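One structure is given below, encoded as structure tokens.
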Amino acid sequence: MKIVVTIGGSVLIKNSDYKKFKEYVDVLLEMKAENELFVVVGGGKPARNYIKIARALGASEALCDDVGIEVTRMNARLLIIALGDAAYPKVPHNFAEALEYSSSGKLVVMGGTEPAHSTDAVGSILAEFIGADLLINATSVDGLYDKDPEIYDDAVMFEEITASDMMDLLSNKDIMAGTYEFFDQTAIGIIKRSRIKTVILNGDDPRNIIKATFEKIGTTILPQ
Ligand code: UTP
């Protein structure tokens with residue numbers, strides 16, 4: 001299978017240590033043995049911190065996004081370091097480079113590309129670009145809820161949701177650098193237009209991404 005895995009920065013760099021990177025290496029190598037795999041890494045708290053400083057210094061939203069992109073690429077570098085020889089040593093800055101680097105047979109790890117979206121969108125565009133069979137979005141919650149589960153105890157997780165319903169659910173949210181909400185709308189649009197099978201799951205346990213290849217887990221976005 002061709003698979004794109006997007007790992008939220010808040011999952012990978014939650015405690016500012018190396019342990020989650022190591023856990024992900026084992027799982028990604030296991031998946032790579034049987035699949036064509038691409039990985040996209042988010043920015044997490046470090047990105048939000050840098051963006052906050054840039055905004056306070058007078059940066060435009062696009063410039064703040066650019067700062068965020070740099071941080072996602074730094075996280076991608078850390079994962080490349082952790083993967084060692086199994087990974088292509090450079091972080092692609094666009095999708096053509098991602099394809100080019102993948103011809104080496106090594107695992108390609110990228111961060112952001114251009115302003116005005118998050119790495120969720122990068123994952124979906126990459127999935128569209130390579131014709132992926134599956135897009136997996138590893139986040140810090142179990143799936144998509146009808147409201148924020150960290151605030152509301154009675155939040156209910158969707159096991160399945162159509163891309164159109166998800167778009168409606170997220171459509172009244174603000175779009176600003178560092179806050180592309182739970183799943184950004186560009187990503188949903190791409191999933192819908194290219195009918196990419198997508199699963200949102202809890203990446204705190206990286207083995208969940210292996211489970212997503214053969215069992216139902218998290219929230220499945222139906223491309224309708
Ligand atoms: P993330 O993808 O981590 O965004 O990129 P996020 O959704 O805000 O963070 P998580 O998922 O909660 O961890 C960090 C920031 O980098 C910029 C955006 O400002 C984004 O919020 N960015 C990232 C871009 O502008 N373009 C990209 O392609 C990627």
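Here's how to read the names in the structure tokens: chain A, B, ... by the order shown, residue numbers from 1 in each chain, ligand numbers from 1 in the order shown.
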
Counting only C-alpha atoms and all ligand atoms, what are the residues of chain A within 6 Å of ligand 1, and for each of them which pair of atoms is the nearest and at what distance in Å, to one decimal? Sort the table by chain and rising number, as a Markdown table.
```
| residue | atom | partner | partner_atom_place_in_ligand_line | distance |
| --- | --- | --- | --- | --- |
| A:Gly8 | CA | ligand 1 | 11 (O) | 4.8 |
| A:Gly9 | CA | ligand 1 | 13 (O) | 4.3 |
| A:Ser10 | CA | ligand 1 | 13 (O) | 4.6 |
| A:Gly42 | CA | ligand 1 | 3 (O) | 3.5 |
| A:Gly43 | CA | ligand 1 | 3 (O) | 3.6 |
| A:Gly44 | CA | ligand 1 | 13 (O) | 3.6 |
| A:Ala47 | CA | ligand 1 | 14 (C) | 5.4 |
| A:Asp65 | CA | ligand 1 | 19 (O) | 3.6 |
| A:Asp66 | CA | ligand 1 | 25 (O) | 5.6 |
| A:Gly68 | CA | ligand 1 | 16 (O) | 3.3 |
| A:Ile69 | CA | ligand 1 | 16 (O) | 4.5 |
| A:Gly112 | CA | ligand 1 | 28 (O) | 3.3 |
| A:Thr113 | CA | ligand 1 | 28 (O) | 3.9 |
| A:Glu114 | CA | ligand 1 | 26 (N) | 4.6 |
| A:Pro115 | CA | ligand 1 | 25 (O) | 3.5 |
| A:Ala116 | CA | ligand 1 | 25 (O) | 4.8 |
| A:His117 | CA | ligand 1 | 26 (N) | 4.7 |
| A:Ser118 | CA | ligand 1 | 2 (O) | 3.7 |
| A:Thr119 | CA | ligand 1 | 2 (O) | 3.5 |
| A:Asp120 | CA | ligand 1 | 2 (O) | 5.9 |
| A:Val122 | CA | ligand 1 | 28 (O) | 5.6 |
| A:Ala177 | CA | ligand 1 | 19 (O) | 3.3 |
| A:Gly178 | CA | ligand 1 | 21 (O) | 3.0 |
| A:Thr179 | CA | ligand 1 | 8 (O) | 4.2 |
| A:Tyr180 | CA | ligand 1 | 7 (O) | 4.4 |
| A:Glu181 | CA | ligand 1 | 7 (O) | 5.7 |
```

Would you write out, as CSV, a table of all residues in range 52-167 of chain A that have an atom no more than 10 Å from an atom of range 27-39 of chain A, listing for each the closest atom pair and the distance in Å to one decimal, considering only C-alpha atoms and ordering rows by chain and rising residue number?
```
residue,atom,partner,partner_atom,distance
A:Ala76,CA,A:Val39,CA,8.7
A:Leu79,CA,A:Val39,CA,9.6
A:Leu83,CA,A:Leu29,CA,8.2
A:Ala86,CA,A:Leu29,CA,7.8
A:Ala87,CA,A:Leu29,CA,9.6
A:Ala98,CA,A:Phe38,CA,8.4
A:Leu99,CA,A:Phe38,CA,9.5
A:Ser102,CA,A:Phe38,CA,8.2
A:Gly105,CA,A:Glu36,CA,9.0
A:Lys106,CA,A:Lys32,CA,9.1
A:Leu107,CA,A:Phe38,CA,6.4
A:Val108,CA,A:Phe38,CA,5.4
A:Val109,CA,A:Val39,CA,4.7
A:Met110,CA,A:Val39,CA,6.3
A:Gly111,CA,A:Val39,CA,8.5
A:Gly123,CA,A:Val39,CA,7.9
A:Leu126,CA,A:Phe38,CA,8.4
A:Ala127,CA,A:Phe38,CA,8.7
A:Ile130,CA,A:Phe38,CA,9.4
A:Ala132,CA,A:Glu36,CA,8.9
A:Asp133,CA,A:Glu36,CA,9.9
A:Leu134,CA,A:Leu37,CA,10.0
A:Leu135,CA,A:Phe38,CA,9.7
A:Ile136,CA,A:Val39,CA,9.6
```

Exercise for the section: Please identify which residues in range 151-211 of chain A DSSP calls helix (DSSP H, G or I) from the backbone, and express them as JSON, numbers by chain. Expected result: {"A": [163, 164, 165, 166, 167, 168, 169, 170, 185, 186, 187, 188, 189, 190, 191, 192, 193, 194, 207, 208, 209, 210, 211]}

Residues of the last selection are to be written out with N, CA, C and O atoms, as an mmCIF file, in the first residue's frame.
```
data_model
loop_
_atom_site.group_PDB
_atom_site.id
_atom_site.type_symbol
_atom_site.label_atom_id
_atom_site.label_comp_id
_atom_site.auth_asym_id
_atom_site.auth_seq_id
_atom_site.Cartn_x
_atom_site.Cartn_y
_atom_site.Cartn_z
ATOM 1 N N ALA A 163 -16.498 13.859 4.529
ATOM 2 C CA ALA A 163 -15.673 15.063 4.397
ATOM 3 C C ALA A 163 -16.565 16.309 4.393
ATOM 4 O O ALA A 163 -16.209 17.345 4.973
ATOM 5 N N SER A 164 -17.750 16.205 3.771
ATOM 6 C CA SER A 164 -18.652 17.363 3.717
ATOM 7 C C SER A 164 -19.131 17.748 5.117
ATOM 8 O O SER A 164 -19.133 18.935 5.483
ATOM 9 N N ASP A 165 -19.542 16.750 5.914
ATOM 10 C CA ASP A 165 -19.997 17.046 7.279
ATOM 11 C C ASP A 165 -18.859 17.619 8.119
ATOM 12 O O ASP A 165 -19.057 18.501 8.954
ATOM 13 N N MET A 166 -17.653 17.111 7.877
ATOM 14 C CA MET A 166 -16.503 17.592 8.650
ATOM 15 C C MET A 166 -16.196 19.050 8.300
ATOM 16 O O MET A 166 -15.879 19.868 9.151
ATOM 17 N N MET A 167 -16.347 19.358 7.025
ATOM 18 C CA MET A 167 -16.138 20.729 6.551
ATOM 19 C C MET A 167 -17.126 21.660 7.261
ATOM 20 O O MET A 167 -16.748 22.730 7.734
ATOM 21 N N ASP A 168 -18.393 21.245 7.343
ATOM 22 C CA ASP A 168 -19.422 22.054 8.018
ATOM 23 C C ASP A 168 -19.057 22.242 9.490
ATOM 24 O O ASP A 168 -19.168 23.336 10.034
ATOM 25 N N LEU A 169 -18.608 21.165 10.115
ATOM 26 C CA LEU A 169 -18.285 21.198 11.544
ATOM 27 C C LEU A 169 -17.165 22.195 11.844
ATOM 28 O O LEU A 169 -17.153 22.869 12.864
ATOM 29 N N LEU A 170 -16.196 22.274 10.918
ATOM 30 C CA LEU A 170 -15.021 23.116 11.176
ATOM 31 C C LEU A 170 -15.089 24.478 10.495
ATOM 32 O O LEU A 170 -14.210 25.308 10.682
ATOM 33 N N GLN A 185 -9.141 22.985 6.755
ATOM 34 C CA GLN A 185 -10.180 22.842 5.737
ATOM 35 C C GLN A 185 -9.614 22.546 4.355
ATOM 36 O O GLN A 185 -10.255 21.867 3.554
ATOM 37 N N THR A 186 -8.396 23.027 4.099
ATOM 38 C CA THR A 186 -7.758 22.704 2.819
ATOM 39 C C THR A 186 -7.600 21.195 2.720
ATOM 40 O O THR A 186 -7.893 20.578 1.682
ATOM 41 N N ALA A 187 -7.169 20.595 3.822
ATOM 42 C CA ALA A 187 -6.944 19.145 3.845
ATOM 43 C C ALA A 187 -8.250 18.406 3.535
ATOM 44 O O ALA A 187 -8.274 17.466 2.726
ATOM 45 N N ILE A 188 -9.333 18.846 4.135
ATOM 46 C CA ILE A 188 -10.608 18.154 3.925
ATOM 47 C C ILE A 188 -11.046 18.266 2.460
ATOM 48 O O ILE A 188 -11.519 17.297 1.860
ATOM 49 N N GLY A 189 -10.850 19.451 1.903
ATOM 50 C CA GLY A 189 -11.199 19.660 0.487
ATOM 51 C C GLY A 189 -10.449 18.690 -0.426
ATOM 52 O O GLY A 189 -11.024 18.120 -1.365
ATOM 53 N N ILE A 190 -9.180 18.501 -0.144
ATOM 54 C CA ILE A 190 -8.353 17.602 -0.978
ATOM 55 C C ILE A 190 -8.824 16.146 -0.815
ATOM 56 O O ILE A 190 -8.935 15.400 -1.785
ATOM 57 N N ILE A 191 -9.089 15.776 0.445
ATOM 58 C CA ILE A 191 -9.549 14.408 0.724
ATOM 59 C C ILE A 191 -10.834 14.132 -0.056
ATOM 60 O O ILE A 191 -11.030 13.068 -0.632
ATOM 61 N N LYS A 192 -11.680 15.146 -0.074
ATOM 62 C CA LYS A 192 -12.970 15.007 -0.751
ATOM 63 C C LYS A 192 -12.789 14.885 -2.268
ATOM 64 O O LYS A 192 -13.316 13.960 -2.881
ATOM 65 N N ARG A 193 -12.004 15.804 -2.820
ATOM 66 C CA ARG A 193 -11.911 15.811 -4.290
ATOM 67 C C ARG A 193 -11.180 14.581 -4.826
ATOM 68 O O ARG A 193 -11.462 14.123 -5.923
ATOM 69 N N SER A 194 -10.229 14.056 -4.057
ATOM 70 C CA SER A 194 -9.472 12.905 -4.578
ATOM 71 C C SER A 194 -9.869 11.598 -3.924
ATOM 72 O O SER A 194 -9.221 10.574 -4.143
ATOM 73 N N ARG A 207 1.902 2.630 17.649
ATOM 74 C CA ARG A 207 1.446 1.367 17.053
ATOM 75 C C ARG A 207 0.028 1.484 16.491
ATOM 76 O O ARG A 207 -0.387 0.671 15.660
ATOM 77 N N ASN A 208 -0.694 2.491 16.909
ATOM 78 C CA ASN A 208 -2.030 2.718 16.338
ATOM 79 C C ASN A 208 -1.967 2.919 14.827
ATOM 80 O O ASN A 208 -2.913 2.591 14.115
ATOM 81 N N ILE A 209 -0.855 3.473 14.355
ATOM 82 C CA ILE A 209 -0.808 3.711 12.892
ATOM 83 C C ILE A 209 -0.664 2.393 12.127
ATOM 84 O O ILE A 209 -1.133 2.265 11.018
ATOM 85 N N ILE A 210 -0.040 1.419 12.751
ATOM 86 C CA ILE A 210 0.012 0.087 12.108
ATOM 87 C C ILE A 210 -1.392 -0.525 12.133
ATOM 88 O O ILE A 210 -1.858 -1.073 11.132
ATOM 89 N N LYS A 211 -2.064 -0.376 13.281
ATOM 90 C CA LYS A 211 -3.429 -0.932 13.393
ATOM 91 C C LYS A 211 -4.331 -0.381 12.293
ATOM 92 O O LYS A 211 -5.188 -1.091 11.762
#
```

Completion exercise
Counting only C-alpha atoms, the residue among A:Ala62, A:Val11, A:Ile3, A:Val41 that lies closest to Ile80 in chain A is A:Val41

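Taking only C-alpha atoms into account, Met157 in chain A lies nearest to A:Thr219 out of the set A:Thr219, A:Asn94, A:Thr198, A:Gln224.
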